[in-house]
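One structure below.
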Amino acid sequence: MTRRAVVKGIGHYLPRRIVPNAEFEKTLDTSHDWIVARSGIERRHFAGEGETTSDLATHAAKAALDNAGITGDQIDAIILATSTADMTFPSAATMVQNNIGNTTGFAFDIQAVCAGFTFALANANALIASGQADRVMVIGAETFSRIMDWTDRSTCVLFGDGAGALILQAQEGDGTSQDRGILATDLNSDGRYRDLLYVDGGVATQNTGVLRMQGKEVFRHAVEKLAQTAENALRKAGLGPDDITWVVPHQANIRIIQATAKKLGVDMDRIVVTVQDHGNTSAASIPLALSVAVQRGQIKPGDLVLTEAIGGGLAWGAVVIRW
């Protein structure tokens with residue numbers, strides 16, 4: 001028998017404010033058609049005044065708890081993937097822990113930018129597989145609207161705010177690819193490319209800074225590395241592209257999603273796409289898309305789901321899950 005991390009519940013949260021592309025036409029040399037043609041994004045959500053990353057994460061966490069039919073005190077660990085935590089410390093995860101009434105578990109943040117949720121899933125899987133936890137909540141939450149340069153049309157139109165949460169629970173499996181739960185993970189990073197996507201602030205500069213990106217270079221690395229990590233994860237699970245029911249990619253850019261799908265040999269009708277409604281929500285994009293796909297009735301129990309993402313670092317990874 002093999003100890004597996006099986007999906008017990010899922011939920012998401014989006015701030016009330018919806019920002020259509022047309023809103024950027026007032027201040028930038030851009031248009032709805034220009035943004036859609038280059039990214040596929042039509043609208044995104046921005047956090048309200050005083051609304052923090054931990055607030056968004058808490059809403060998603062409570063939705064996942066409701067979906068799972070459990071309470072916050074039944075969670076052993078909380079892992080929150082984010083690059084926009086409320087404070088330098090303490091972690092946003094401990095704030096969520098308090099908000100859901102958990103006093104006996106442990107909580108921590110993980111930072112791998114847009115790849116953060118895949119890294120968090122891999123860590124949660126390791127905690128469960130090793131017996132250190134029986135039930136782990138994994139959250140991706142971001143307020144990227146707080147780190148935008150609103151004069152840079154190449155970046156500020158791409159990002160949005162939101163949160164998604166997944167609850168994983170220990171369950172015994174047979175040790176085959178037919179088991180439910182996380183079947184394989186693949187994580188990577190290469191600090192040589194850190195200048196392709198970064199925030200020009202932090203503790204060293206004593207200011208928050210704003211996001212900077214070399215879009216063409218990120219695109220070039222993204223397609224190659226996303227396909228590679230997906231293939232690696234599938235191989236570790238003893239599976240191939242034909243076995244996939246759904247690919248739930250990081251929702252950064254529709255052209256990256258399409259190019260990666262083509263490289264993997266997976267038709268677009270097996271790709272979950274939400275980028276048009278949410279924009280790039282960084283570490284929140286995969287759990288958001290997973291939750292939306294479950295609500296839509298796309299992802300069902302027994303489906304084989306592949307998630308993959310790349311972000312600043314560069315950091316990239318993939319996770320194979322039997323729903």
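Scheme for the structure tokens: letters A, B, ... for chains in order shown; per-chain residue numbers from 1; ligand numbers from 1 in order shown.
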
**Prompt:** Which residues, written as a count of residues only, have at least one atom at most 12 Å from Gly50 (chain A), with only C-alpha atoms counted and residues fewer than 4 positions away on the same chain left out?
**Reply:** 8

**Request:** List every residue of region 180-310 of chain A that DSSP, applied to the backbone, labels as strand (DSSP E), and write the result as a PyMOL selection string.
**Result:** chain A and resi 181-189+197-199+211-213+246-249+304-310

Restricting the output to C-alpha atoms, write the selected residues as a CSV table (one decimal), in the first residue's frame.
```csv
chain,number,residue,atom,x,y,z
A,181,GLY,CA,-4.3,11.7,-5.3
A,182,ILE,CA,-0.9,13.1,-6.3
A,183,LEU,CA,0.9,10.6,-8.4
A,184,ALA,CA,4.1,12.6,-9.3
A,185,THR,CA,5.7,16.0,-9.0
A,186,ASP,CA,8.6,17.7,-10.8
A,187,LEU,CA,10.2,20.9,-9.5
A,188,ASN,CA,13.0,23.0,-11.1
A,189,SER,CA,14.7,26.4,-10.9
A,197,LEU,CA,11.1,38.4,-14.2
A,198,TYR,CA,11.5,40.2,-10.8
A,199,VAL,CA,10.3,42.9,-8.5
A,211,LEU,CA,7.2,44.1,-11.3
A,212,ARG,CA,9.7,44.0,-14.2
A,213,MET,CA,9.6,41.5,-17.0
A,246,TRP,CA,-7.3,17.7,-18.3
A,247,VAL,CA,-4.3,20.0,-18.3
A,248,VAL,CA,-4.7,22.9,-15.9
A,249,PRO,CA,-1.8,25.2,-16.7
A,304,LEU,CA,-6.2,12.6,-14.5
A,305,VAL,CA,-5.2,16.2,-14.1
A,306,LEU,CA,-1.8,17.7,-15.0
A,307,THR,CA,-0.9,21.1,-13.7
A,308,GLU,CA,2.2,23.1,-14.7
A,309,ALA,CA,3.6,26.6,-14.1
A,310,ILE,CA,6.6,28.8,-14.5
```

**Message:** According to DSSP computed on the backbone, where in region 109-292 of chain A is there helix (DSSP H, G or I)? Give the residues as an MDAnalysis selection string.
**Reply:** chainID A and resid 113:129 144:147 191:196 215:236 241:243 254:264 268:270 275:278 282:292

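Between CA of Arg3 (chain A) and CA of Pro241 (chain A) lies a distance of 24.7 Å.
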
**Prompt:** Neighbours of Ala64 (chain A) within 7 Å (only C-alpha atoms; same-chain residues fewer than 2 positions away dropped), as a ChimeraX atom specification?
**Reply:** /A:9-11,60-62,66-68,165-167

Next, dump the selected residues to file, keeping only C-alpha atoms, as a compact mmCIF listing (two decimals), in the first residue's frame.
```txt
# COMPACT_ATOMS: atom_id res chain seq x y z
CA GLY A 9 -12.07 19.86 -1.01
CA ILE A 10 -11.53 22.91 -3.18
CA GLY A 11 -12.63 26.54 -3.29
CA ALA A 60 -10.79 30.64 -0.48
CA ALA A 61 -9.82 28.53 2.54
CA LYS A 62 -13.31 28.74 4.01
CA ASP A 66 -17.18 24.03 3.17
CA ASN A 67 -16.63 21.94 0.06
CA ALA A 68 -14.79 19.29 2.10
CA ALA A 165 -7.42 26.59 -1.98
CA LEU A 166 -7.15 22.82 -2.11
CA ILE A 167 -7.40 20.40 0.81
```

**Asked** For Gly131 (chain A), which of A:Ala81, A:Ala170, A:Ala115, A:Cys156 is the closest residue, counting only C-alpha atoms?
**Response** A:Ala170

**Prompt:** When distances are computed from only C-alpha atoms, which of A:Val273, A:Ala124, A:Ala252, A:Val218 shows the smallest separation from Leu196 (chain A)?
**Reply:**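 Among the listed residues, the smallest separation from Leu196 (chain A) belongs to A:Val218.
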
**Asked** Distance CA of Ala93 (chain A)-CA of Val157 (chain A), one decimal place?
**Response** 27.9 Å

**Coordinates-based distance that separates CA of Ile299 (chain A) from CA of His250 (chain A) (Å, one decimal)** = 16.3 Å

**Asked** Which residue out of A:Ala120, A:Val266, A:Ala107, A:Ala289 has the minimum interatomic distance to Gly317 (chain A) when only C-alpha atoms are used?
**Response** A:Ala120

**Request:** Pick out the residues sitting within 10 Å of Gly173 (chain A), and hand them over as a list of chain:residue names; count only C-alpha atoms, and ignore anything fewer than 3 positions along from it in its own chain.
**Result:** A:Met1, A:Thr2, A:Arg3, A:Arg4, A:Ala5, A:Val6, A:Ala170, A:Thr176, A:Ser177, A:Gln178, A:Asp179, A:Arg180, A:Gly181

Using N, CA and C atoms, can you export the residues from the last selection as a compact mmCIF listing (two decimals), in the first residue's frame?
```
# COMPACT_ATOMS: atom_id res chain seq x y z
N MET A 1 0.84 -1.20 0.00
CA MET A 1 0.00 0.00 0.00
C MET A 1 0.88 1.26 0.00
N THR A 2 0.36 2.30 -0.63
CA THR A 2 1.09 3.57 -0.73
C THR A 2 0.23 4.69 -0.16
N ARG A 3 0.82 5.53 0.65
CA ARG A 3 0.11 6.65 1.25
C ARG A 3 0.02 7.78 0.22
N ARG A 4 -1.18 8.16 -0.16
CA ARG A 4 -1.41 9.19 -1.18
C ARG A 4 -2.04 10.45 -0.58
N ALA A 5 -1.80 11.56 -1.22
CA ALA A 5 -2.43 12.84 -0.86
C ALA A 5 -3.58 13.07 -1.82
N VAL A 6 -4.80 12.85 -1.35
CA VAL A 6 -6.00 12.86 -2.18
C VAL A 6 -6.79 14.16 -1.96
N ALA A 170 -4.73 12.31 3.54
CA ALA A 170 -4.05 11.01 3.40
C ALA A 170 -5.05 9.91 3.12
N THR A 176 -0.17 2.38 -7.72
CA THR A 176 -0.21 2.39 -9.18
C THR A 176 -0.71 3.75 -9.67
N SER A 177 -0.65 3.93 -10.98
CA SER A 177 -1.11 5.19 -11.58
C SER A 177 -2.62 5.33 -11.56
N GLN A 178 -3.30 4.29 -11.13
CA GLN A 178 -4.76 4.35 -11.02
C GLN A 178 -5.21 4.85 -9.65
N ASP A 179 -4.27 5.01 -8.73
CA ASP A 179 -4.60 5.56 -7.42
C ASP A 179 -5.16 6.97 -7.55
N ARG A 180 -6.03 7.34 -6.62
CA ARG A 180 -6.43 8.74 -6.51
C ARG A 180 -5.33 9.51 -5.76
N GLY A 181 -5.25 10.81 -6.03
CA GLY A 181 -4.30 11.65 -5.33
C GLY A 181 -3.13 12.07 -6.19
```

**Prompt:** With distances taken over only C-alpha atoms, which of A:Arg194, A:Arg296, A:Arg153, A:His278 is nearest to Val19 (chain A)?
**Reply:** A:His278

List as a PDB file with C-alpha atoms, in the first residue's frame the protein and nucleic acid residues near Glu224 (chain A), meaning an atom at most 12 Å away when only C-alpha atoms are counted, but skip any in the same chain fewer than 5 places from it.
```
ATOM      1  CA  GLU A 217      12.465  35.941 -23.128  1.00  0.00           C
ATOM      2  CA  VAL A 218       9.996  34.672 -20.540  1.00  0.00           C
ATOM      3  CA  PHE A 219       7.755  33.402 -23.350  1.00  0.00           C
ATOM      4  CA  THR A 229       8.455  19.523 -16.683  1.00  0.00           C
ATOM      5  CA  ALA A 230       5.048  18.161 -17.703  1.00  0.00           C
ATOM      6  CA  GLU A 231       6.665  15.280 -19.553  1.00  0.00           C
ATOM      7  CA  ILE A 256       1.914  30.229 -23.963  1.00  0.00           C
ATOM      8  CA  ILE A 257      -0.930  27.865 -23.076  1.00  0.00           C
ATOM      9  CA  ALA A 259       2.101  26.617 -27.631  1.00  0.00           C
ATOM     10  CA  THR A 260       2.738  24.344 -24.640  1.00  0.00           C
ATOM     11  CA  ALA A 261      -0.333  22.232 -25.444  1.00  0.00           C
ATOM     12  CA  LYS A 262       0.922  21.810 -29.011  1.00  0.00           C
ATOM     13  CA  LYS A 263       4.386  20.820 -27.810  1.00  0.00           C
ATOM     14  CA  LEU A 264       2.834  18.246 -25.458  1.00  0.00           C
ATOM     15  CA  GLU A 308       2.231  23.051 -14.749  1.00  0.00           C
ATOM     16  CA  ALA A 309       3.592  26.555 -14.125  1.00  0.00           C
ATOM     17  CA  ILE A 310       6.640  28.771 -14.512  1.00  0.00           C
ATOM     18  CA  TRP A 316       8.957  25.867 -12.846  1.00  0.00           C
TER      19      TRP A 316
END
```

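Closest approach to Thr118 (chain A) from the set A:Ala227, A:Val292, A:Ala233, A:Ile18 is made by A:Ala233, with distances taken over only C-alpha atoms.
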
**Item:** For Gly201 (chain A): contacts at 12 Å, only C-alpha atoms, fewer than 6 positions along chain excluded, given as number ranges by chain
**Value:** A: 147-148, 207-212

Generate a file of the selected residues that holds N, CA and C atoms, formatted as a JSON list (two decimals), in the first residue's frame.
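Once written, selection-v5.json looks like this:
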```
[["chain", "number", "residue", "atom", "x", "y", "z"],
["A", 147, "ILE", "N", 1.75, 45.61, -6.90],
["A", 147, "ILE", "CA", 3.17, 45.71, -7.30],
["A", 147, "ILE", "C", 3.30, 46.00, -8.80],
["A", 148, "MET", "N", 2.31, 46.69, -9.36],
["A", 148, "MET", "CA", 2.33, 47.03, -10.78],
["A", 148, "MET", "C", 2.89, 48.43, -11.03],
["A", 207, "ASN", "N", 11.90, 49.34, -0.03],
["A", 207, "ASN", "CA", 10.65, 49.74, -0.66],
["A", 207, "ASN", "C", 10.06, 48.51, -1.35],
["A", 208, "THR", "N", 8.77, 48.55, -1.57],
["A", 208, "THR", "CA", 8.08, 47.37, -2.12],
["A", 208, "THR", "C", 8.53, 47.05, -3.53],
["A", 209, "GLY", "N", 8.71, 48.08, -4.36],
["A", 209, "GLY", "CA", 9.12, 47.88, -5.73],
["A", 209, "GLY", "C", 7.95, 47.50, -6.63],
["A", 210, "VAL", "N", 8.24, 47.38, -7.92],
["A", 210, "VAL", "CA", 7.22, 46.99, -8.90],
["A", 210, "VAL", "C", 7.77, 45.88, -9.79],
["A", 211, "LEU", "N", 6.86, 45.19, -10.46],
["A", 211, "LEU", "CA", 7.23, 44.06, -11.30],
["A", 211, "LEU", "C", 7.92, 44.51, -12.57],
["A", 212, "ARG", "N", 8.97, 43.80, -12.94],
["A", 212, "ARG", "CA", 9.69, 44.04, -14.19],
["A", 212, "ARG", "C", 9.80, 42.71, -14.94]]
```

**Nearby residues (only C-alpha atoms) at most 7 Å from Ile254 (chain A), same-chain spacing under 5 positions excluded, as a PyMOL selection string** = chain A and resi 39-40+275

**Request:** Pick out the closest residue to Gln132 (chain A) from this set: A:Ala315, A:Val320, A:Val294, A:Ala77. Count only C-alpha atoms.
**Result:**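 Closest to Gln132 (chain A), using only C-alpha atoms: A:Ala77.
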